[in-house]
Amino acid sequence: MKVVVLVKQTPDTAELPKVSADDVRSGKVKATMVINPWDEFAAEEALLLGDRYDVDTVAISMGSPDAVDALKHALAMGVGAASLVDNSDVTGGDMWTTAAALAAAVKAEGADLVITGKQSVDDNSGAVYAGVAVKLGWPLVSAVTKVVDAANGQLTVERMVEGAQETVSVPLPAVISVGKEINEPRYPSFMGIRKASKATIPATPAASLGIAPGSGKTQWTNIRKPEERKTECVMIDGATVEEKAAKLADALMAEKVI
């Protein structure tokens, strides 16, 4: 079985209160860049699966050539291999663009399972892994707190839901996102750090994965400039949403049952 861990290079959380993600991305501010802390839990879970099963582990990241530092951290932890999707030539992209490129990289690896952190500390969207699952056409399980079993083409996990835990089984290949409840990430060993520092990480241009250079396009969200936005009234049962909301508010204030 091959397990892919998706990682991202993000600003050090100690510096995030001082800078914005947009400032870092634009180059206005130079921040210390590290592996996204949430992704360490994903890398650790991949390593634990390697202890339990016959698993090959690969870390994949999308970013500039500098993002190899986050991949080297994963290698230092013990992940077997790493690969960078170089997005240097992609402009104007969004989360959907990233998801499409990462999904293509995962497919090229022939992965059976993708593990990601719950979100990134800079954008905090928690949406890219969902896009990856959609692009791959694989089942997605979020908020995983324990991998119970991964054998015979089936993955069984425990996941957190509001006020409870539930056990879910899905066919492999699949995508899962994990939180801090699942494990305690290990510190890279000295030998692991030395080995990772000397590693040559292959970089694949995003263009070769179907992302056209210079033509990254917003497809996930429909974001328009304020002056281009239009107010539209949606009619429901002969009334606008605003009128319905007003009536509902009046009824609630009068403590009526609707």
# chains A, B, ... in the order shown; residues from 1 in each chain; ligands from 1
$ residues_around --residues "Gln165 in chain A" --least-positions-apart "3" --cutoff "12 Å" --atoms "only C-alpha atoms" --output "count of residues only"
12
$ residues_around --residues "Glu184 in chain A" --least-positions-apart "5" --cutoff "10 Å" --atoms "only C-alpha atoms" --output "CSV table (one decimal) with all heavy atoms, in the first residue's frame"
chain,number,residue,atom,x,y,z
A,40,GLU,N,2.0,17.8,10.4
A,40,GLU,CA,2.9,16.9,11.2
A,40,GLU,C,2.1,15.7,11.7
A,40,GLU,O,2.6,14.6,11.8
A,40,GLU,CB,3.5,17.6,12.3
A,40,GLU,CG,4.6,18.6,11.9
A,40,GLU,CD,5.3,19.2,13.0
A,40,GLU,OE1,4.8,20.3,13.6
A,40,GLU,OE2,6.4,18.7,13.4
A,41,PHE,N,0.8,15.9,12.1
A,41,PHE,CA,0.0,14.8,12.6
A,41,PHE,C,-0.3,13.9,11.4
A,41,PHE,O,-0.4,12.6,11.6
A,41,PHE,CB,-1.4,15.4,13.1
A,41,PHE,CG,-1.2,16.2,14.3
A,41,PHE,CD1,-1.1,17.6,14.2
A,41,PHE,CD2,-1.0,15.7,15.6
A,41,PHE,CE1,-0.9,18.4,15.4
A,41,PHE,CE2,-0.9,16.5,16.7
A,41,PHE,CZ,-0.8,17.8,16.6
A,44,GLU,N,2.9,11.8,10.9
A,44,GLU,CA,3.1,10.8,11.9
A,44,GLU,C,2.1,9.7,11.8
A,44,GLU,O,2.5,8.5,12.0
A,44,GLU,CB,2.8,11.5,13.3
A,44,GLU,CG,2.9,10.6,14.5
A,44,GLU,CD,4.3,10.0,14.7
A,44,GLU,OE1,5.3,10.7,14.3
A,44,GLU,OE2,4.4,8.9,15.3
A,45,GLU,N,0.9,9.9,11.3
A,45,GLU,CA,-0.1,8.8,11.2
A,45,GLU,C,0.4,7.9,10.0
A,45,GLU,O,0.2,6.7,10.1
A,45,GLU,CB,-1.5,9.3,10.9
A,45,GLU,CG,-2.5,8.3,11.0
A,45,GLU,CD,-2.6,7.6,12.4
A,45,GLU,OE1,-2.2,8.3,13.4
A,45,GLU,OE2,-3.0,6.4,12.5
$ closest_atom_pairs --of "range 14-122 of chain A" --to "range 187-197 of chain A" --cutoff "8 Å" --atoms "only C-alpha atoms" --output "Markdown table"
| residue | atom | partner | partner_atom | distance |
| --- | --- | --- | --- | --- |
| A:Lys72 | CA | A:Ala196 | CA | 5.3 |
| A:His73 | CA | A:Ala196 | CA | 7.3 |
| A:Leu75 | CA | A:Ala196 | CA | 5.6 |
| A:Ala76 | CA | A:Gly192 | CA | 4.3 |
| A:Met77 | CA | A:Pro188 | CA | 4.5 |
| A:Gly78 | CA | A:Gly192 | CA | 6.9 |
$ write_last_selection --atoms "N, CA and C atoms" --output "short mmCIF file (atom, residue, chain, number, x, y, z; two decimals), in the first residue's frame"
data_model
loop_
_atom_site.label_atom_id
_atom_site.label_comp_id
_atom_site.auth_asym_id
_atom_site.auth_seq_id
_atom_site.Cartn_x
_atom_site.Cartn_y
_atom_site.Cartn_z
N LYS A 72 11.40 18.35 3.48
CA LYS A 72 12.57 17.80 4.18
C LYS A 72 12.26 17.54 5.66
N HIS A 73 11.38 18.34 6.22
CA HIS A 73 10.96 18.07 7.61
C HIS A 73 10.23 16.73 7.66
N LEU A 75 10.64 14.24 5.62
CA LEU A 75 11.66 13.21 5.43
C LEU A 75 12.43 12.97 6.73
N ALA A 76 12.73 14.05 7.44
CA ALA A 76 13.46 13.93 8.70
C ALA A 76 12.65 13.17 9.74
N MET A 77 11.33 13.28 9.67
CA MET A 77 10.47 12.53 10.59
C MET A 77 10.51 11.04 10.27
N GLY A 78 10.80 10.69 9.00
CA GLY A 78 10.84 9.29 8.63
C GLY A 78 10.05 8.93 7.39
#
$ atom_distance --atom1 "CA of Pro139 in chain A" --atom2 "CA of Ser208 in chain A"
25.6 Å
$ select_by_dssp --residues "range 98-168 of chain A" --states "strand (DSSP E or B)" --output "PyMOL selection string"
chain A and resi 113-117+140-151+154-161+164-168
$ residues_around --residues "Asn87 in chain A" --least-positions-apart "3" --cutoff "12 Å" --atoms "only C-alpha atoms" --output "ChimeraX atom specification"
/A:61-67,84,90-94,97-98,101-102,203-216
$ closest_residue --among "A:Leu49, A:Ala42, A:Leu71, A:Ala81" --to "Gln119 in chain A" --atoms "only C-alpha atoms"
A:Ala42
$ select_by_dssp --residues "range 130-166 of chain A" --states "alpha helix (DSSP H)" --output "ChimeraX atom specification"
/A:130-136
$ write_last_selection --atoms "N, CA, C and O atoms" --output "PDB file, in the first residue's frame"
ATOM      1  N   ALA A 130     -10.677  18.379   0.488  1.00  0.00           N
ATOM      2  CA  ALA A 130     -11.979  18.013  -0.077  1.00  0.00           C
ATOM      3  C   ALA A 130     -11.938  18.108  -1.597  1.00  0.00           C
ATOM      4  O   ALA A 130     -12.484  17.252  -2.303  1.00  0.00           O
ATOM      5  N   GLY A 131     -11.274  19.145  -2.106  1.00  0.00           N
ATOM      6  CA  GLY A 131     -11.125  19.285  -3.549  1.00  0.00           C
ATOM      7  C   GLY A 131     -10.300  18.167  -4.143  1.00  0.00           C
ATOM      8  O   GLY A 131     -10.591  17.682  -5.243  1.00  0.00           O
ATOM      9  N   VAL A 132      -9.255  17.745  -3.420  1.00  0.00           N
ATOM     10  CA  VAL A 132      -8.431  16.629  -3.883  1.00  0.00           C
ATOM     11  C   VAL A 132      -9.277  15.363  -4.004  1.00  0.00           C
ATOM     12  O   VAL A 132      -9.199  14.634  -4.998  1.00  0.00           O
ATOM     13  N   ALA A 133     -10.101  15.103  -2.984  1.00  0.00           N
ATOM     14  CA  ALA A 133     -10.968  13.912  -3.012  1.00  0.00           C
ATOM     15  C   ALA A 133     -11.948  13.973  -4.177  1.00  0.00           C
ATOM     16  O   ALA A 133     -12.191  12.973  -4.860  1.00  0.00           O
ATOM     17  N   VAL A 134     -12.498  15.156  -4.428  1.00  0.00           N
ATOM     18  CA  VAL A 134     -13.444  15.318  -5.541  1.00  0.00           C
ATOM     19  C   VAL A 134     -12.749  15.059  -6.871  1.00  0.00           C
ATOM     20  O   VAL A 134     -13.275  14.348  -7.736  1.00  0.00           O
ATOM     21  N   LYS A 135     -11.567  15.652  -7.045  1.00  0.00           N
ATOM     22  CA  LYS A 135     -10.835  15.477  -8.292  1.00  0.00           C
ATOM     23  C   LYS A 135     -10.440  14.018  -8.520  1.00  0.00           C
ATOM     24  O   LYS A 135     -10.428  13.530  -9.653  1.00  0.00           O
ATOM     25  N   LEU A 136     -10.091  13.315  -7.448  1.00  0.00           N
ATOM     26  CA  LEU A 136      -9.721  11.906  -7.561  1.00  0.00           C
ATOM     27  C   LEU A 136     -10.941  11.006  -7.687  1.00  0.00           C
ATOM     28  O   LEU A 136     -10.843   9.878  -8.186  1.00  0.00           O
TER      29      LEU A 136
END
